[in-house]
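Coordinates from run.txt are shown below (compact mmCIF, C-alpha atoms and all ligand atoms).
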```
# COMPACT_ATOMS: atom_id res chain seq x y z
CA MET Z 160 173.76 255.39 61.73
CA PRO Z 161 175.86 252.28 62.43
CA SER Z 162 174.36 249.08 61.13
CA THR Z 163 173.89 246.01 63.33
CA SER Z 164 172.97 242.39 62.69
CA LYS Z 165 169.46 243.18 63.99
CA THR Z 166 169.15 245.83 61.28
CA THR Z 167 169.90 243.20 58.67
CA ALA Z 168 167.09 241.00 60.01
CA SER Z 169 164.36 243.61 59.63
CA ARG Z 170 165.88 245.05 56.44
CA ARG Z 171 163.70 242.49 54.72
CA ILE Z 172 160.67 244.69 55.50
CA ARG Z 173 160.72 247.65 53.15
CA SER Z 174 157.40 249.25 54.03
CA PHE Z 175 157.64 252.49 52.05
CA ILE Z 176 158.85 254.00 48.80
CA ARG Z 177 160.51 257.39 49.12
CA ARG Z 178 158.32 259.89 47.30
CA GLN Z 179 159.08 263.55 46.92
CA GLY Z 180 155.54 264.84 47.42
CA ARG Z 181 154.62 268.50 47.28
CA ILE Z 182 155.88 270.55 50.15
CA THR Z 183 154.01 273.77 50.82
CA PRO Z 184 155.84 277.04 51.55
CA ALA Z 185 154.45 276.95 55.13
CA GLN Z 186 155.78 273.39 55.68
CA LEU Z 187 159.14 274.39 54.25
CA GLN Z 188 159.31 277.38 56.55
CA ALA Z 189 158.34 275.22 59.54
CA LEU Z 190 161.14 272.81 58.63
CA GLN Z 191 163.65 275.64 58.28
CA GLU Z 192 162.67 277.22 61.59
CA HIS Z 193 161.89 274.25 63.83
CA GLU Z 194 163.56 271.10 62.46
CA GLU Z 195 166.68 271.65 64.52
CA ILE Z 196 164.73 271.78 67.79
CA PHE Z 197 162.10 269.08 67.25
CA CYS Z 198 163.71 266.60 64.82
CA LEU Z 199 166.25 264.16 66.22
CA ASP Z 200 169.27 262.70 64.47
CA PRO Z 201 169.18 258.91 64.47
CA GLU Z 202 171.98 258.51 66.99
CA PRO Z 203 172.23 255.47 69.26
CA ALA Z 204 171.08 255.69 72.90
CA PRO Z 205 169.54 259.17 73.00
CA GLU Z 206 168.89 260.52 76.50
CA PHE Z 207 165.18 261.28 76.22
CA PRO Z 208 164.84 262.88 79.69
CA ARG Z 209 167.54 265.36 78.65
CA ILE Z 210 165.98 265.89 75.20
CA PHE Z 211 162.48 266.52 76.62
CA GLN Z 212 163.98 268.24 79.68
CA ARG Z 213 161.91 266.06 81.99
CA ARG Z 214 161.06 262.43 82.84
CA ALA Z 215 157.62 261.31 81.60
CA PRO Z 216 156.04 258.19 80.09
CA LEU Z 217 157.15 257.81 76.47
CA PHE Z 218 154.69 257.05 73.65
CA LEU Z 219 155.58 256.41 70.00
CA GLU Z 220 153.59 256.85 66.78
CA ILE Z 221 154.98 255.06 63.73
CA GLY Z 222 154.09 256.52 60.29
CA PHE Z 223 152.24 259.59 61.58
CA GLY Z 224 151.42 260.94 58.07
CA ASN Z 225 150.43 264.61 58.47
CA GLY Z 226 150.88 264.37 62.26
CA ALA Z 227 147.39 265.64 63.15
CA CYS Z 228 146.62 262.63 65.35
CA LEU Z 229 149.99 262.83 67.13
CA ALA Z 230 149.61 266.58 67.75
CA ALA Z 231 146.08 266.10 69.12
CA MET Z 232 147.22 263.32 71.47
CA ALA Z 233 150.22 265.34 72.68
CA ALA Z 234 147.97 268.36 73.32
CA ALA Z 235 145.47 266.20 75.22
CA ASN Z 236 148.20 264.57 77.35
CA PRO Z 237 150.72 267.22 78.37
CA ASP Z 238 152.08 264.87 81.06
CA ARG Z 239 153.38 262.43 78.42
CA ASN Z 240 156.34 262.58 76.03
CA TYR Z 241 155.70 261.63 72.40
CA LEU Z 242 158.00 260.43 69.65
CA GLY Z 243 156.83 260.34 66.04
CA ILE Z 244 158.53 258.58 63.15
CA GLU Z 245 157.70 259.39 59.53
CA VAL Z 246 159.73 259.09 56.34
CA HIS Z 247 157.63 261.57 54.32
CA ARG Z 248 159.19 265.03 54.74
CA PRO Z 249 156.09 267.12 53.91
CA GLY Z 250 154.30 265.25 56.73
CA VAL Z 251 157.12 266.20 59.10
CA GLY Z 252 156.78 269.83 57.95
CA HIS Z 253 153.03 269.66 58.61
CA LEU Z 254 153.56 268.31 62.12
CA LEU Z 255 156.13 271.04 62.84
CA LEU Z 256 153.49 273.60 61.84
CA LEU Z 257 151.00 272.04 64.28
CA ILE Z 258 153.62 271.97 67.04
CA GLN Z 259 154.29 275.64 66.47
CA GLN Z 260 150.60 276.64 66.24
CA ARG Z 261 149.67 274.76 69.44
CA GLY Z 262 152.84 275.54 71.37
CA LEU Z 263 153.58 271.85 72.01
CA SER Z 264 156.80 270.95 73.78
CA ASN Z 265 156.21 267.22 74.34
CA ILE Z 266 156.86 265.91 70.80
CA ARG Z 267 160.11 264.94 69.08
CA ILE Z 268 160.38 263.58 65.54
CA TYR Z 269 162.52 261.19 63.56
CA CYS Z 270 162.31 261.57 59.77
CA HIS Z 271 163.68 258.11 59.13
CA ASP Z 272 162.78 254.43 58.67
CA ALA Z 273 160.96 253.33 61.83
CA LEU Z 274 162.71 249.96 61.81
CA ASP Z 275 166.14 251.58 62.11
CA ILE Z 276 164.94 253.94 64.84
CA LEU Z 277 163.34 251.15 66.85
CA GLU Z 278 166.38 248.94 66.60
CA GLN Z 279 169.04 251.53 67.23
CA CYS Z 280 167.60 254.52 69.10
CA ILE Z 281 164.89 253.17 71.40
CA ALA Z 282 165.95 251.22 74.46
CA ASP Z 283 164.29 247.88 75.19
CA GLY Z 284 161.48 248.16 77.75
CA SER Z 285 161.29 251.96 77.46
CA LEU Z 286 157.94 252.66 75.75
CA SER Z 287 154.56 253.00 77.49
CA GLY Z 288 152.61 252.76 74.24
CA ILE Z 289 153.09 252.33 70.50
CA HIS Z 290 150.59 253.65 67.95
CA LEU Z 291 150.49 252.27 64.41
CA TYR Z 292 147.54 253.90 62.70
CA PHE Z 293 146.66 252.96 59.13
CA PRO Z 294 150.04 251.64 58.01
CA ASP Z 295 150.37 251.45 54.21
CA PRO Z 296 148.05 248.60 53.18
CA TRP Z 297 149.94 247.58 50.04
CA PRO Z 298 146.71 246.08 48.64
CA LYS Z 299 148.18 244.14 45.70
CA LYS Z 300 149.09 240.59 46.67
CA ARG Z 301 152.57 240.83 45.17
CA HIS Z 302 153.21 243.82 47.48
CA HIS Z 303 152.04 242.18 50.72
CA LYS Z 304 155.69 241.54 51.59
CA ARG Z 305 155.97 245.32 52.13
CA ARG Z 306 153.34 245.38 54.88
CA ILE Z 307 155.08 246.42 58.07
CA VAL Z 308 153.18 244.13 60.45
CA LYS Z 309 155.25 240.94 60.25
CA PRO Z 310 156.40 238.62 63.06
CA GLU Z 311 159.88 240.21 63.22
CA PHE Z 312 158.35 243.71 63.46
CA VAL Z 313 155.99 242.63 66.24
CA GLU Z 314 158.93 241.06 68.07
CA LEU Z 315 160.70 244.43 67.88
CA LEU Z 316 157.64 246.31 69.17
CA ALA Z 317 157.15 243.90 72.07
CA ARG Z 318 160.82 244.21 73.04
CA LYS Z 319 160.64 248.03 73.14
CA LEU Z 320 157.53 248.09 75.35
CA GLN Z 321 157.74 248.20 79.10
CA ASP Z 322 155.74 245.64 81.06
CA GLN Z 323 152.01 246.57 80.81
CA GLY Z 324 152.76 248.88 77.88
CA TYR Z 325 150.49 248.55 74.85
CA VAL Z 326 150.51 248.35 71.05
CA HIS Z 327 147.54 249.97 69.33
CA ALA Z 328 147.14 249.38 65.59
CA ALA Z 329 144.28 250.32 63.27
CA THR Z 330 143.51 249.64 59.63
CA ASP Z 331 140.64 249.99 57.16
CA TRP Z 332 141.71 247.03 55.00
CA ASP Z 333 139.86 243.79 55.81
CA ASP Z 334 142.61 241.37 54.85
CA TYR Z 335 145.35 243.44 56.53
CA ALA Z 336 143.25 243.54 59.72
CA GLU Z 337 143.04 239.73 59.66
CA GLU Z 338 146.79 239.48 59.01
CA MET Z 339 147.53 241.87 61.91
CA LEU Z 340 145.24 239.86 64.15
CA ARG Z 341 146.97 236.61 63.23
CA VAL Z 342 150.50 237.96 63.71
CA LEU Z 343 149.78 239.88 66.93
CA ASN Z 344 147.67 237.12 68.52
CA ALA Z 345 150.54 234.69 67.90
CA TYR Z 346 153.01 236.76 69.92
CA ARG Z 347 153.41 235.21 73.34
CA THR Z 348 153.83 238.30 75.55
CA LEU Z 349 151.15 240.44 73.86
CA VAL Z 350 147.60 239.95 75.15
CA ASN Z 351 144.65 241.01 73.01
CA THR Z 352 142.53 243.37 75.14
CA SER Z 353 139.22 242.93 73.29
CA ALA Z 354 136.52 240.80 74.90
CA ASP Z 355 136.47 238.26 72.06
CA GLY Z 356 140.21 238.27 71.32
CA ARG Z 357 139.67 240.15 68.04
CA TYR Z 358 138.96 243.84 67.35
CA CYS Z 359 138.15 246.82 69.60
CA GLN Z 360 136.01 249.92 69.13
CA ARG Z 361 138.06 253.03 68.44
CA PRO Z 362 138.91 254.31 71.95
CA ASP Z 363 138.11 257.97 72.71
CA TYR Z 364 141.80 258.78 73.03
CA ARG Z 365 142.46 258.02 69.33
CA PRO Z 366 141.40 260.89 67.04
CA MET Z 367 140.37 259.95 63.50
CA THR Z 368 143.23 260.20 61.03
CA LYS Z 369 143.39 261.52 57.48
CA PHE Z 370 143.79 258.04 55.96
CA GLU Z 371 140.98 256.71 58.11
CA GLN Z 372 138.61 259.40 56.84
CA ARG Z 373 139.53 258.53 53.27
CA GLY Z 374 138.89 254.85 53.98
CA ILE Z 375 135.50 255.63 55.48
CA ARG Z 376 134.57 257.70 52.41
CA LEU Z 377 135.41 254.63 50.32
CA GLY Z 378 133.06 252.50 52.44
CA HIS Z 379 135.80 250.62 54.31
CA THR Z 380 135.36 249.21 57.82
CA VAL Z 381 137.86 250.48 60.38
CA ARG Z 382 139.28 248.03 62.91
CA ASP Z 383 141.35 248.77 66.00
CA LEU Z 384 143.61 246.17 67.64
CA ILE Z 385 144.99 246.78 71.13
CA TYR Z 386 147.46 244.51 72.91
CA ARG Z 387 149.01 244.78 76.35
CA LYS Z 388 152.46 243.41 77.12
CA CYS Z 389 152.39 240.92 79.95
CA ASN Z 390 155.04 238.77 81.51
CA PRO Z 391 154.41 235.16 80.26
CA ALA Z 392 155.03 233.87 83.81
CA GLU Z 393 152.00 235.83 85.13
C1 LIG X 401 148.87 255.11 54.93
S1 LIG X 401 149.84 256.35 55.69
C2 LIG X 401 148.97 256.68 57.21
C3 LIG X 401 149.35 257.97 57.82
C4 LIG X 401 148.61 258.33 59.13
N1 LIG X 401 148.93 257.39 60.17
C5 LIG X 401 147.13 258.40 58.91
O1 LIG X 401 146.42 257.47 59.35
O2 LIG X 401 146.67 259.38 58.30
C6 LIG X 401 151.24 255.44 56.28
C7 LIG X 401 152.42 256.32 56.61
O3 LIG X 401 153.48 255.53 57.13
C8 LIG X 401 154.71 256.03 56.63
N2 LIG X 401 155.68 254.92 56.70
C9 LIG X 401 155.61 253.74 56.06
N3 LIG X 401 156.63 252.94 56.40
C10 LIG X 401 157.39 253.66 57.29
C11 LIG X 401 158.59 253.36 57.99
N4 LIG X 401 159.22 252.19 57.84
N5 LIG X 401 159.09 254.30 58.79
C12 LIG X 401 158.47 255.51 58.95
N6 LIG X 401 157.32 255.84 58.30
C13 LIG X 401 156.78 254.92 57.48
C14 LIG X 401 154.38 256.51 55.25
O4 LIG X 401 155.30 257.49 54.77
C15 LIG X 401 152.98 257.08 55.42
O5 LIG X 401 152.99 258.45 55.70
```
Is it possible to express this structure as structure tokens?
Ligand SMILES: C[S@@+](CC[C@H](N)C(=O)[O-])C[C@H]1O[C@@H](n2cnc3c(N)ncnc32)[C@H](O)[C@@H]1O
Amino acid sequence: MPSTSKTTASRRIRSFIRRQGRITPAQLQALQEHEEIFCLDPEPAPEFPRIFQRRAPLFLEIGFGNGACLAAMAAANPDRNYLGIEVHRPGVGHLLLLIQQRGLSNIRIYCHDALDILEQCIADGSLSGIHLYFPDPWPKKRHHKRRIVKPEFVELLARKLQDQGYVHAATDWDDYAEEMLRVLNAYRTLVNTSADGRYCQRPDYRPMTKFEQRGIRLGHTVRDLIYRKCNPAE
């Protein structure tokens, strides 16, 4: 993928460490059989209507983990197109299995760094919604620089959203929730949709995720943050 000056700016956020992880025989088989159809190469300016073979509102999930939430949303909303980005290959294999089992045709996947994909493959103003569920919390203070929700990342998300599109984030880490709130509330074209300008209840459309369930077992409080993009002149 060609590099741009914008890439250099967000290169400072390194939100993951590549880990091998165990890949099951079923995930491997799913990758061998379906990767070519459902996984996209990170090429600039992809023609999504051609790729999905139709025009439909486009939603993105960043860091989908095992893909269960993305598959459930795509199954519940067959009139929408979904993109998922995840660097962990076993997770991609797991999502391919779900796609195959449920016969889903409205998902495409990038197995790549979300920052590169956002900057180079997603047109400005093209997304109806962005989902960021339980991004790596990097709990140690010296690792907080790895947290993906930073002003430059939020600027990128806001740029990719169409007018009235939304960003929906969730986390089970108290201090990360406060950091997300601070960074997102500070962004001029994103309006917090909760009544008190803070957190929302989990909306019915968001299924619980694997990391969320683990957090709940540990006694953590889950917080959802939902922002709508509005024209500052309105
Ligand atoms: C804590 S897990 C949460 C997974 C899932 N959303 C859930 O709630 O079960 C965060 C995921 O984000 C992925 N991730 C982190 N940084 C990423 C990046 N820059 N691009 C793509 N995926 C990323 C990780 O590989 C990991 O699977």
Mind dumping a table of every chain Z residue within 9 Å of ligand LIG 401 (chain X), with the nearest atom pair and its distance in Å to one decimal, using only C-alpha atoms and all ligand atoms, sorted by chain and rising number, as CSV?
```
residue,atom,partner,partner_atom,distance
Z:Ile172,CA,X:LIG401,N4,8.0
Z:Arg173,CA,X:LIG401,N4,6.7
Z:Ser174,CA,X:LIG401,N3,4.5
Z:Phe175,CA,X:LIG401,N3,4.5
Z:Ile176,CA,X:LIG401,O4,7.8
Z:Arg177,CA,X:LIG401,O4,7.7
Z:Arg178,CA,X:LIG401,O4,8.4
Z:Glu220,CA,X:LIG401,N1,8.1
Z:Ile221,CA,X:LIG401,C12,5.9
Z:Gly222,CA,X:LIG401,O3,3.4
Z:Phe223,CA,X:LIG401,N1,4.2
Z:Gly224,CA,X:LIG401,C3,3.6
Z:Asn225,CA,X:LIG401,O2,6.4
Z:Gly226,CA,X:LIG401,C4,7.2
Z:Ala227,CA,X:LIG401,O2,8.0
Z:Cys228,CA,X:LIG401,N1,7.7
Z:Leu229,CA,X:LIG401,N1,8.9
Z:Gly243,CA,X:LIG401,C12,8.7
Z:Ile244,CA,X:LIG401,C12,5.2
Z:Glu245,CA,X:LIG401,N6,3.8
Z:Val246,CA,X:LIG401,N6,4.5
Z:His247,CA,X:LIG401,O4,4.7
Z:Arg248,CA,X:LIG401,O4,8.5
Z:Gly250,CA,X:LIG401,O5,7.0
Z:Tyr269,CA,X:LIG401,C12,8.4
Z:Cys270,CA,X:LIG401,C12,7.2
Z:His271,CA,X:LIG401,C12,5.8
Z:Asp272,CA,X:LIG401,N5,3.7
Z:Ala273,CA,X:LIG401,N5,3.7
Z:Leu274,CA,X:LIG401,N4,5.7
Z:Asp275,CA,X:LIG401,N4,8.2
Z:Ile276,CA,X:LIG401,N5,8.4
Z:His290,CA,X:LIG401,N1,8.8
Z:Leu291,CA,X:LIG401,N1,6.8
Z:Tyr292,CA,X:LIG401,N1,4.5
Z:Phe293,CA,X:LIG401,O1,4.5
Z:Pro294,CA,X:LIG401,C6,4.3
Z:Asp295,CA,X:LIG401,C1,4.0
Z:Pro296,CA,X:LIG401,C1,6.8
Z:Arg305,CA,X:LIG401,N3,8.8
Z:Arg306,CA,X:LIG401,N3,8.4
Z:Ile307,CA,X:LIG401,N3,6.9
Z:Ala329,CA,X:LIG401,O1,8.4
Z:Thr330,CA,X:LIG401,O1,8.4
Z:Met367,CA,X:LIG401,O1,7.7
Z:Thr368,CA,X:LIG401,O2,4.5
Z:Lys369,CA,X:LIG401,O2,4.0
Z:Phe370,CA,X:LIG401,O2,3.9
Z:Glu371,CA,X:LIG401,O1,5.6
Z:Gln372,CA,X:LIG401,O2,8.2
Z:Arg373,CA,X:LIG401,O2,8.8
```
*asked:* Quick one: residues within 9 Å of range 258-267 of chain Z, only C-alpha atoms, excluding same-chain residues fewer than 3 positions away - as a ChimeraX atom specification?
replied: /Z:189,193,196-199,210-211,229-230,233-234,236-244,253-255
*Identify which of the residues Z:Gly374, Z:Glu314, Z:His303, Z:Gly252 lies closest to Glu278 in chain Z, counting only C-alpha atoms when measuring atom-to-atom distances.*
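When distances to Glu278 in chain Z are compared using only C-alpha atoms, the smallest one comes from Z:Glu314.
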*Which value, in Å to one decimal, gives the distance between CA of Lys309 in chain Z and CA of Gly356 in chain Z?*
18.9 Å
*For CA of Phe218 in chain Z and CA of Gly284 in chain Z, the interatomic separation in Å (one decimal)*: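 These atoms are spaced 11.9 Å apart.
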*In Å, rounded to a single decimal, give me how far CA of His302 in chain Z is from CA of Val326 in chain Z.*
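Going from CA of Val326 in chain Z over to CA of His302 in chain Z covers 24.2 Å.
Compared by their closest atoms to Cys389 in chain Z, and using all atoms listed in the file, the residues Z:Gly324, Z:Pro208, Z:Gly180, Z:Pro249 rank with Z:Gly324 nearest.
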